[in-house]
$ cat work31.tsv   # TSV, C-alpha atoms and all ligand atoms
chain	number	residue	atom	x	y	z
N	1	MET	CA	-8.60	5.45	9.42
N	2	VAL	CA	-9.07	6.83	5.90
N	3	ILE	CA	-11.85	9.21	4.90
N	4	PHE	CA	-12.44	10.68	1.43
N	5	LYS	CA	-15.04	13.44	1.18
N	6	ASN	CA	-16.07	14.57	-2.30
N	7	VAL	CA	-12.58	14.10	-3.69
N	8	VAL	CA	-11.91	15.21	-7.27
N	9	LYS	CA	-8.60	14.67	-9.05
N	10	TYR	CA	-7.51	15.92	-12.46
N	11	TYR	CA	-4.36	15.29	-14.44
N	12	GLU	CA	-4.38	18.43	-16.59
N	13	ASN	CA	-7.71	18.17	-18.43
N	14	LEU	CA	-8.34	14.55	-17.55
N	15	LYS	CA	-10.79	14.14	-14.67
N	16	VAL	CA	-9.59	10.88	-13.12
N	17	LEU	CA	-11.64	10.82	-9.91
N	18	ARG	CA	-15.07	12.47	-9.71
N	19	ASP	CA	-16.62	13.23	-6.36
N	20	ILE	CA	-15.26	10.19	-4.51
N	21	SER	CA	-16.45	9.68	-0.90
N	22	PHE	CA	-15.82	6.66	1.32
N	23	GLN	CA	-14.57	5.66	4.74
N	24	ILE	CA	-12.23	2.82	5.69
N	25	ASN	CA	-12.23	1.88	9.34
N	26	ARG	CA	-9.24	0.96	11.46
N	27	GLY	CA	-8.42	-2.72	11.12
N	28	GLU	CA	-10.29	-3.23	7.82
N	29	LEU	CA	-8.86	-4.84	4.69
N	30	VAL	CA	-10.48	-3.30	1.62
N	31	TYR	CA	-10.01	-3.93	-2.09
N	32	ILE	CA	-10.08	-1.05	-4.56
N	33	THR	CA	-10.85	-2.37	-8.01
N	34	GLY	CA	-11.86	-1.17	-11.45
N	35	PRO	CA	-10.59	-1.38	-15.02
N	36	THR	CA	-7.14	-0.27	-16.05
N	37	GLY	CA	-6.83	3.50	-16.02
N	38	SER	CA	-9.80	3.94	-13.68
N	39	GLY	CA	-7.76	5.74	-11.02
N	40	LYS	CA	-6.87	3.05	-8.44
N	41	THR	CA	-3.18	3.95	-8.20
N	42	THR	CA	-4.09	7.64	-8.16
N	43	LEU	CA	-6.40	7.03	-5.22
N	44	LEU	CA	-3.58	5.34	-3.24
N	45	LYS	CA	-1.20	8.16	-4.17
N	46	LEU	CA	-3.65	10.70	-2.72
N	47	ILE	CA	-3.60	8.86	0.61
N	48	TYR	CA	0.18	8.90	0.65
N	49	LEU	CA	0.28	12.48	-0.59
N	50	ALA	CA	2.30	11.57	-3.65
N	51	GLU	CA	-0.52	13.44	-5.47
N	52	LYS	CA	-2.84	16.18	-4.24
N	53	PRO	CA	-6.58	16.30	-4.84
N	54	ASP	CA	-8.09	19.25	-6.72
N	55	GLN	CA	-11.23	19.29	-4.57
N	56	GLY	CA	-12.53	17.58	-1.46
N	57	GLU	CA	-11.05	16.44	1.79
N	58	ILE	CA	-8.89	13.47	2.78
N	59	ILE	CA	-8.26	12.37	6.35
N	60	VAL	CA	-5.75	9.64	7.28
N	61	GLY	CA	-5.66	8.79	11.00
N	62	ASP	CA	-5.14	12.06	12.82
N	63	PHE	CA	-3.93	13.86	9.71
N	64	LYS	CA	-6.04	16.18	7.60
N	65	VAL	CA	-4.07	15.34	4.49
N	66	THR	CA	-5.59	18.08	2.37
N	67	ASN	CA	-4.25	20.87	4.58
N	68	LEU	CA	-1.02	19.23	5.62
N	69	LYS	CA	2.07	21.41	5.90
N	70	ALA	CA	5.11	20.14	4.02
N	71	SER	CA	6.91	19.67	7.33
N	72	GLN	CA	4.19	17.23	8.45
N	73	ILE	CA	4.37	14.96	5.39
N	74	PRO	CA	7.13	12.70	6.79
N	75	TYR	CA	5.02	12.11	9.91
N	76	LEU	CA	2.04	11.08	7.79
N	77	ARG	CA	4.23	8.75	5.74
N	78	ARG	CA	5.60	7.07	8.86
N	79	LYS	CA	2.11	5.77	9.52
N	80	ILE	CA	1.88	4.23	6.05
N	81	GLY	CA	3.67	1.21	4.59
N	82	VAL	CA	3.66	1.07	0.80
N	83	ILE	CA	3.85	-1.89	-1.54
N	84	PHE	CA	4.09	-0.03	-4.86
N	85	GLN	CA	5.61	-1.15	-8.13
N	86	ASP	CA	7.64	2.00	-8.55
N	87	PHE	CA	9.34	1.55	-5.16
N	88	LYS	CA	11.62	-1.25	-6.28
N	89	LEU	CA	14.26	-2.97	-4.20
N	90	ILE	CA	17.73	-1.45	-4.44
N	91	GLN	CA	19.79	-4.06	-6.28
N	92	ASN	CA	23.20	-3.25	-4.84
N	93	MET	CA	21.96	-3.45	-1.25
N	94	THR	CA	21.34	-6.63	0.72
N	95	VAL	CA	17.85	-7.74	1.74
N	96	PHE	CA	18.66	-6.58	5.28
N	97	ASP	CA	19.68	-3.09	4.14
N	98	ASN	CA	16.67	-2.76	1.82
N	99	VAL	CA	14.38	-3.41	4.77
N	100	ALA	CA	16.44	-1.25	7.15
N	101	ILE	CA	16.64	1.84	4.95
N	102	SER	CA	13.72	3.84	6.34
N	103	LEU	CA	14.85	3.12	9.92
N	104	ILE	CA	18.39	4.23	9.09
N	105	ILE	CA	17.10	7.49	7.57
N	106	ARG	CA	15.11	8.14	10.75
N	107	LYS	CA	18.13	7.26	12.90
N	108	GLU	CA	16.07	4.76	14.86
N	109	LYS	CA	17.46	2.60	17.63
N	110	ASP	CA	17.54	-1.17	17.64
N	111	ILE	CA	17.41	-1.39	13.86
N	112	LYS	CA	18.84	-4.91	13.69
N	113	ASN	CA	16.09	-6.47	15.80
N	114	GLN	CA	13.33	-4.60	13.98
N	115	VAL	CA	14.62	-5.70	10.56
N	116	LEU	CA	15.10	-9.31	11.59
N	117	GLU	CA	11.62	-9.37	13.10
N	118	ALA	CA	10.09	-8.06	9.85
N	119	LEU	CA	12.06	-10.60	7.80
N	120	LYS	CA	10.90	-13.36	10.12
N	121	LYS	CA	7.27	-12.37	9.52
N	122	VAL	CA	7.73	-12.83	5.77
N	123	HIS	CA	9.74	-16.06	6.34
N	124	LEU	CA	12.95	-14.65	4.88
N	125	ARG	CA	15.15	-14.35	7.95
N	126	HIS	CA	17.65	-16.71	6.30
N	127	LYS	CA	18.01	-14.47	3.23
N	128	ALA	CA	18.99	-11.30	5.11
N	129	ASP	CA	22.47	-11.17	3.62
N	130	CYS	CA	21.45	-11.96	0.04
N	131	TYR	CA	21.13	-9.44	-2.78
N	132	PRO	CA	17.67	-9.08	-4.37
N	133	LYS	CA	18.71	-10.42	-7.78
N	134	ILE	CA	19.27	-13.96	-6.52
N	135	LEU	CA	15.77	-14.12	-5.01
N	136	SER	CA	12.69	-15.42	-6.80
N	137	GLY	CA	9.92	-12.95	-7.72
N	138	GLY	CA	7.81	-14.10	-4.78
N	139	GLU	CA	10.73	-13.75	-2.37
N	140	GLN	CA	11.46	-10.26	-3.67
N	141	GLN	CA	7.84	-9.29	-3.09
N	142	ARG	CA	8.12	-10.63	0.47
N	143	VAL	CA	11.13	-8.36	0.99
N	144	VAL	CA	9.02	-5.44	-0.28
N	145	ILE	CA	6.37	-6.42	2.30
N	146	ALA	CA	9.00	-6.63	5.06
N	147	ARG	CA	10.17	-3.14	4.09
N	148	ALA	CA	6.58	-1.91	4.28
N	149	ILE	CA	5.89	-3.40	7.73
N	150	VAL	CA	9.25	-2.82	9.43
N	151	SER	CA	8.25	0.49	10.97
N	152	LYS	CA	4.94	-0.98	12.19
N	153	PRO	CA	2.67	1.27	10.13
N	154	GLU	CA	-1.01	1.67	10.97
N	155	LEU	CA	-1.93	1.48	7.29
N	156	ILE	CA	-0.58	-0.56	4.38
N	157	LEU	CA	-1.22	0.49	0.78
N	158	ALA	CA	-0.64	-2.31	-1.72
N	159	ASP	CA	-0.81	-1.55	-5.45
N	160	GLU	CA	-1.22	-4.73	-7.53
N	161	PRO	CA	0.78	-6.72	-4.95
N	162	THR	CA	0.67	-9.94	-6.96
N	163	ALA	CA	1.53	-8.56	-10.40
N	164	ASN	CA	4.06	-10.77	-12.22
N	165	LEU	CA	3.69	-13.64	-9.74
N	166	ASP	CA	2.46	-17.14	-10.56
N	167	PRO	CA	-0.90	-18.15	-9.02
N	168	ASN	CA	0.54	-20.13	-6.08
N	169	THR	CA	3.01	-17.42	-5.17
N	170	ALA	CA	0.25	-14.81	-5.50
N	171	THR	CA	-1.90	-16.81	-3.07
N	172	ALA	CA	0.98	-16.97	-0.57
N	173	ILE	CA	1.53	-13.22	-0.82
N	174	MET	CA	-2.17	-12.57	-0.26
N	175	GLN	CA	-2.12	-14.87	2.79
N	176	LEU	CA	0.77	-12.89	4.18
N	177	ILE	CA	-1.03	-9.58	3.65
N	178	ASN	CA	-4.11	-11.06	5.33
N	179	GLU	CA	-2.02	-12.17	8.33
N	180	ILE	CA	-0.61	-8.65	8.66
N	181	ASN	CA	-4.16	-7.31	8.62
N	182	LEU	CA	-5.28	-9.82	11.26
N	183	GLN	CA	-2.53	-8.48	13.53
N	184	GLY	CA	-4.31	-5.11	13.42
N	185	THR	CA	-2.94	-3.17	10.45
N	186	THR	CA	-5.46	-1.52	8.14
N	187	VAL	CA	-4.84	-2.63	4.53
N	188	ILE	CA	-5.96	-1.16	1.19
N	189	ILE	CA	-5.23	-3.28	-1.87
N	190	ALA	CA	-5.65	-1.81	-5.36
N	191	THR	CA	-6.01	-4.40	-8.08
N	192	HIS	CA	-7.79	-4.98	-11.37
N	193	TYR	CA	-7.21	-8.71	-10.92
N	194	ARG	CA	-10.52	-10.26	-9.89
N	195	GLU	CA	-9.01	-13.55	-8.73
N	196	LEU	CA	-7.56	-11.75	-5.70
N	197	PHE	CA	-10.96	-11.07	-4.23
N	198	ARG	CA	-13.13	-13.70	-5.91
N	199	ASN	CA	-14.26	-15.42	-2.71
N	200	THR	CA	-13.60	-12.68	-0.24
N	201	TRP	CA	-15.92	-11.50	2.50
N	202	ARG	CA	-14.04	-8.20	2.55
N	203	ARG	CA	-15.36	-4.88	1.33
N	204	ILE	CA	-14.75	-4.09	-2.34
N	205	ILE	CA	-14.73	-0.51	-3.60
N	206	ARG	CA	-15.08	-0.34	-7.36
N	207	ILE	CA	-14.14	2.70	-9.40
N	208	ASP	CA	-15.44	3.07	-12.91
N	209	GLU	CA	-14.83	6.09	-15.12
N	210	GLY	CA	-13.89	8.08	-12.04
N	211	ASN	CA	-17.07	7.23	-10.11
N	212	LEU	CA	-17.16	5.10	-7.01
N	213	ILE	CA	-19.38	2.04	-6.89
N	214	GLU	CA	-19.15	0.42	-3.48
N	215	LYS	CA	-20.12	-3.14	-2.69
N	216	ALA	CA	-20.33	-5.04	0.55
N	217	ALA	CA	-18.71	-8.10	-0.98
N	218	GLN	CA	-18.62	-10.01	-4.27
K	1	LIG	N1	1.16	11.52	-13.48
K	1	LIG	C1	0.18	11.46	-14.39
K	1	LIG	N2	0.02	12.46	-15.30
K	1	LIG	C2	-0.99	12.41	-16.20
K	1	LIG	N3	-1.90	11.41	-16.28
K	1	LIG	C3	-1.80	10.41	-15.40
K	1	LIG	C4	-0.75	10.39	-14.41
K	1	LIG	N4	-0.91	9.25	-13.66
K	1	LIG	C5	-1.99	8.61	-14.16
K	1	LIG	N5	-2.52	9.29	-15.19
K	1	LIG	C6	-3.73	8.91	-15.95
K	1	LIG	O1	-4.80	8.85	-15.02
K	1	LIG	C7	-5.64	7.72	-15.29
K	1	LIG	C8	-5.72	6.84	-14.04
K	1	LIG	O2	-4.45	6.26	-13.82
K	1	LIG	P1	-4.16	5.25	-12.62
K	1	LIG	O3	-2.75	4.86	-12.73
K	1	LIG	O4	-4.61	5.85	-11.36
K	1	LIG	O5	-5.13	4.05	-13.01
K	1	LIG	P2	-5.22	2.56	-12.45
K	1	LIG	O6	-6.64	2.31	-12.15
K	1	LIG	O7	-4.24	2.38	-11.36
K	1	LIG	O8	-4.79	1.69	-13.71
K	1	LIG	P3	-4.04	0.25	-13.79
K	1	LIG	O9	-5.05	-0.80	-13.47
K	1	LIG	O10	-3.58	0.16	-15.20
K	1	LIG	O11	-2.90	0.28	-12.80
K	1	LIG	C9	-5.06	7.05	-16.52
K	1	LIG	O12	-5.77	7.51	-17.63
K	1	LIG	C10	-3.64	7.53	-16.56
K	1	LIG	O13	-3.15	7.60	-17.86
K	2	MG	MG	-2.58	1.18	-11.10
$ encode --input "work31.tsv" --output "structure tokens" --more "lines below"
Ligand SMILES: Nc1ncnc2c1ncn2[C@@H]1O[C@H](COP(=O)(O)OP(=O)(O)OP(=O)(O)O)[C@@H](O)[C@H]1O
Ligand SMILES: [Mg+2]
Amino acid sequence: MVIFKNVVKYYENLKVLRDISFQINRGELVYITGPTGSGKTTLLKLIYLAEKPDQGEIIVGDFKVTNLKASQIPYLRRKIGVIFQDFKLIQNMTVFDNVAISLIIRKEKDIKNQVLEALKKVHLRHKADCYPKILSGGEQQRVVIARAIVSKPELILADEPTANLDPNTATAIMQLINEINLQGTTVIIATHYRELFRNTWRRIIRIDEGNLIEKAAQ
């Protein structure tokens, strides 16, 4: 589903990722971890083509991301659901509209059913007409997840999905992401928070000083 071959990424003179190679198979859930500033968010941004690599090759599904024409980028992004901190909910739009927005932009049919189905999956069907500010932090994050899954992406990228949540809410959010994975979606979670993968049997990819250190499990 995702292949990195000898990927190098600089921000000006700063070499953030050095010769990173790995493969994530369809249906996997993988953690990307490493200390703050080690390049986890950058790695997710390369998959989504929010950043471009300086060297190497990246393949996502059928897309050779490194050679992708600008006109193809929206098609790549349709395959990917993102749970990123800088894609916040729009405060003056209802929960329903926040989830619907990508479908509206694409002029899809049957938007209402798709949105309600996504909200049902995150157990927020009853909050469809609310505005984000009256929701708890955990509920808001569930709306973000509904927005990420509404177009049935093949791949979900989650960047610190439990940041700012209390431990019980964080556990519930992780359960939800696991359920989405068990229904067949490939998931990549970037986090420096060890608690998230303490007892996991899932694959953990660790980045340290721009180098990849891969482990089978903790
Ligand atoms: N747009 C940018 N321009 C310049 N430098 C950047 C940019 N984005 C990130 N960096 C730098 O690249 C390095 C890696 O950043 P990145 O956000 O990928 O790390 P991270 O592992 O996600 O960290 P954290 O755990 O704090 O989220 C950091 O030193 C950061 O300052
Ligand atoms: Mg980060």
$ closest_residue --input "work31.tsv" --among "N:Asn13, N:Gln183, N:Thr66, N:Gln141" --to "ligand LIG 1 (chain K)" --atoms "only C-alpha atoms and all ligand atoms"
N:Asn13
$ closest_atom_pairs --input "work31.tsv" --of "chain N" --to "ligand LIG 1 (chain K)" --cutoff "12 Å" --atoms "all atoms listed in the file" --output "CSV"
residue,atom,partner,partner_atom,distance
N:Lys9,CA,K:LIG1,O1,9.2
N:Tyr10,CA,K:LIG1,O1,8.0
N:Tyr11,CA,K:LIG1,C2,4.8
N:Glu12,CA,K:LIG1,C2,6.9
N:Asn13,CA,K:LIG1,C2,9.1
N:Leu14,CA,K:LIG1,O1,7.2
N:Lys15,CA,K:LIG1,O1,8.0
N:Val16,CA,K:LIG1,C7,5.5
N:Leu17,CA,K:LIG1,C8,8.2
N:Arg18,CA,K:LIG1,C8,11.7
N:Ile32,CA,K:LIG1,O6,9.0
N:Thr33,CA,K:LIG1,O6,7.5
N:Gly34,CA,K:LIG1,O6,6.3
N:Pro35,CA,K:LIG1,O9,5.8
N:Thr36,CA,K:LIG1,O9,3.4
N:Gly37,CA,K:LIG1,O5,3.5
N:Ser38,CA,K:LIG1,O6,3.9
N:Gly39,CA,K:LIG1,O4,3.2
N:Lys40,CA,K:LIG1,O6,3.8
N:Thr41,CA,K:LIG1,O7,3.7
N:Thr42,CA,K:LIG1,O4,3.7
N:Leu43,CA,K:LIG1,O4,6.5
N:Leu44,CA,K:LIG1,O4,8.2
N:Lys45,CA,K:LIG1,O4,8.3
N:Leu46,CA,K:LIG1,O4,10.0
N:Ala50,CA,K:LIG1,N1,9.9
N:Glu51,CA,K:LIG1,N1,8.4
N:Lys52,CA,K:LIG1,N1,11.1
N:Phe84,CA,K:LIG1,O11,10.6
N:Gln85,CA,K:LIG1,O11,9.8
N:Asp86,CA,K:LIG1,O11,11.5
N:Ala158,CA,K:LIG1,O7,11.3
N:Asp159,CA,K:LIG1,O11,7.9
N:Glu160,CA,K:LIG1,O11,7.5
N:Pro161,CA,K:LIG1,O11,11.1
N:Ala163,CA,K:LIG1,O11,10.2
N:Ile189,CA,K:LIG1,O7,11.1
N:Ala190,CA,K:LIG1,O7,7.5
N:Thr191,CA,K:LIG1,O9,6.6
N:His192,CA,K:LIG1,O9,5.4
N:Tyr193,CA,K:LIG1,O9,8.6
N:Arg194,CA,K:LIG1,O9,11.5
N:Arg206,CA,K:LIG1,O6,10.1
N:Ile207,CA,K:LIG1,O6,8.0
N:Asp208,CA,K:LIG1,O6,8.9
N:Glu209,CA,K:LIG1,C8,9.2
N:Gly210,CA,K:LIG1,C8,8.5
N:Asn211,CA,K:LIG1,O6,11.7
$ residues_around --input "work31.tsv" --residues "region 153-157 of chain N" --least-positions-apart "5" --cutoff "6 Å" --atoms "all atoms listed in the file" --output "PyMOL selection string"
chain N and resi 79-82+185-188
$ closest_residue --input "work31.tsv" --among "N:Ala146, N:Ile83, N:Leu176, N:Leu212" --to "ligand MG 2 (chain K)" --atoms "all atoms listed in the file"
N:Ile83
$ atom_distance --input "work31.tsv" --atom1 "CA of Ile111 (chain N)" --atom2 "CA of Val150 (chain N)"
9.4 Å
$ residues_around --input "work31.tsv" --residues "Pro74 (chain N)" --least-positions-apart "3" --cutoff "12 Å" --atoms "only C-alpha atoms" --output "ChimeraX atom specification"
/N:48-50,63,65,68-71,77-80,102,105-106
$ residues_around --input "work31.tsv" --residues "region 126-133 of chain N" --least-positions-apart "6" --cutoff "8 Å" --atoms "only C-alpha atoms" --output "PyMOL selection string"
chain N and resi 89-96+116+119+140
$ atom_distance --input "work31.tsv" --atom1 "CA of Gly184 (chain N)" --atom2 "CA of Leu124 (chain N)"
21.5 Å
$ atom_distance --input "work31.tsv" --atom1 "CA of Ile177 (chain N)" --atom2 "CA of Arg125 (chain N)"
17.4 Å
$ axis_aligned_box --input "work31.tsv" --around "region 198-212 of chain N" --padding-each-side "6 Å" --output "lines of an AutoDock Vina configuration file"
center_x = -15.1
center_y = -3.7
center_z = -6.3
size_x = 16.0
size_y = 35.5
size_z = 29.7
$ closest_residue --input "work31.tsv" --among "N:Leu76, N:Val99, N:Ile104, N:Val7" --to "Asp19 (chain N)" --atoms "only C-alpha atoms"
N:Val7
$ closest_residue --input "work31.tsv" --among "N:Glu214, N:Glu57, N:Asp110, N:Glu179" --to "Ile145 (chain N)" --atoms "all atoms listed in the file"
N:Glu179
$ build_atoms --input "work31.tsv" --residues "region 92-107 of chain N" --atoms "N, CA and C atoms" --output "PDB file, in the frame of the given file"
ATOM      1  N   ASN N  92      21.847  -3.107  -5.394  1.00  0.00           N
ATOM      2  CA  ASN N  92      23.200  -3.250  -4.840  1.00  0.00           C
ATOM      3  C   ASN N  92      23.221  -3.181  -3.310  1.00  0.00           C
ATOM      4  N   MET N  93      22.041  -3.359  -2.710  1.00  0.00           N
ATOM      5  CA  MET N  93      21.960  -3.450  -1.250  1.00  0.00           C
ATOM      6  C   MET N  93      21.390  -4.791  -0.862  1.00  0.00           C
ATOM      7  N   THR N  94      21.853  -5.325   0.272  1.00  0.00           N
ATOM      8  CA  THR N  94      21.340  -6.630   0.720  1.00  0.00           C
ATOM      9  C   THR N  94      19.859  -6.505   1.106  1.00  0.00           C
ATOM     10  N   VAL N  95      19.240  -7.671   1.264  1.00  0.00           N
ATOM     11  CA  VAL N  95      17.850  -7.740   1.740  1.00  0.00           C
ATOM     12  C   VAL N  95      17.738  -6.985   3.066  1.00  0.00           C
ATOM     13  N   PHE N  96      18.685  -7.243   3.969  1.00  0.00           N
ATOM     14  CA  PHE N  96      18.660  -6.580   5.280  1.00  0.00           C
ATOM     15  C   PHE N  96      18.643  -5.060   5.112  1.00  0.00           C
ATOM     16  N   ASP N  97      19.561  -4.547   4.295  1.00  0.00           N
ATOM     17  CA  ASP N  97      19.680  -3.090   4.140  1.00  0.00           C
ATOM     18  C   ASP N  97      18.456  -2.503   3.442  1.00  0.00           C
ATOM     19  N   ASN N  98      17.891  -3.244   2.471  1.00  0.00           N
ATOM     20  CA  ASN N  98      16.670  -2.760   1.820  1.00  0.00           C
ATOM     21  C   ASN N  98      15.546  -2.567   2.826  1.00  0.00           C
ATOM     22  N   VAL N  99      15.454  -3.506   3.766  1.00  0.00           N
ATOM     23  CA  VAL N  99      14.380  -3.410   4.770  1.00  0.00           C
ATOM     24  C   VAL N  99      14.709  -2.327   5.800  1.00  0.00           C
ATOM     25  N   ALA N 100      16.013  -2.168   6.074  1.00  0.00           N
ATOM     26  CA  ALA N 100      16.440  -1.250   7.150  1.00  0.00           C
ATOM     27  C   ALA N 100      16.383   0.219   6.739  1.00  0.00           C
ATOM     28  N   ILE N 101      16.314   0.500   5.443  1.00  0.00           N
ATOM     29  CA  ILE N 101      16.640   1.840   4.950  1.00  0.00           C
ATOM     30  C   ILE N 101      15.824   2.964   5.613  1.00  0.00           C
ATOM     31  N   SER N 102      14.522   2.746   5.775  1.00  0.00           N
ATOM     32  CA  SER N 102      13.720   3.840   6.340  1.00  0.00           C
ATOM     33  C   SER N 102      14.089   4.066   7.807  1.00  0.00           C
ATOM     34  N   LEU N 103      14.453   2.982   8.512  1.00  0.00           N
ATOM     35  CA  LEU N 103      14.850   3.120   9.920  1.00  0.00           C
ATOM     36  C   LEU N 103      16.184   3.840  10.032  1.00  0.00           C
ATOM     37  N   ILE N 104      17.069   3.571   9.080  1.00  0.00           N
ATOM     38  CA  ILE N 104      18.390   4.230   9.090  1.00  0.00           C
ATOM     39  C   ILE N 104      18.202   5.730   8.850  1.00  0.00           C
ATOM     40  N   ILE N 105      17.347   6.070   7.877  1.00  0.00           N
ATOM     41  CA  ILE N 105      17.100   7.490   7.570  1.00  0.00           C
ATOM     42  C   ILE N 105      16.555   8.203   8.804  1.00  0.00           C
ATOM     43  N   ARG N 106      15.709   7.510   9.557  1.00  0.00           N
ATOM     44  CA  ARG N 106      15.110   8.140  10.750  1.00  0.00           C
ATOM     45  C   ARG N 106      15.989   8.013  11.981  1.00  0.00           C
ATOM     46  N   LYS N 107      17.173   7.437  11.792  1.00  0.00           N
ATOM     47  CA  LYS N 107      18.130   7.260  12.900  1.00  0.00           C
ATOM     48  C   LYS N 107      17.472   6.557  14.089  1.00  0.00           C
TER      49      LYS N 107
END
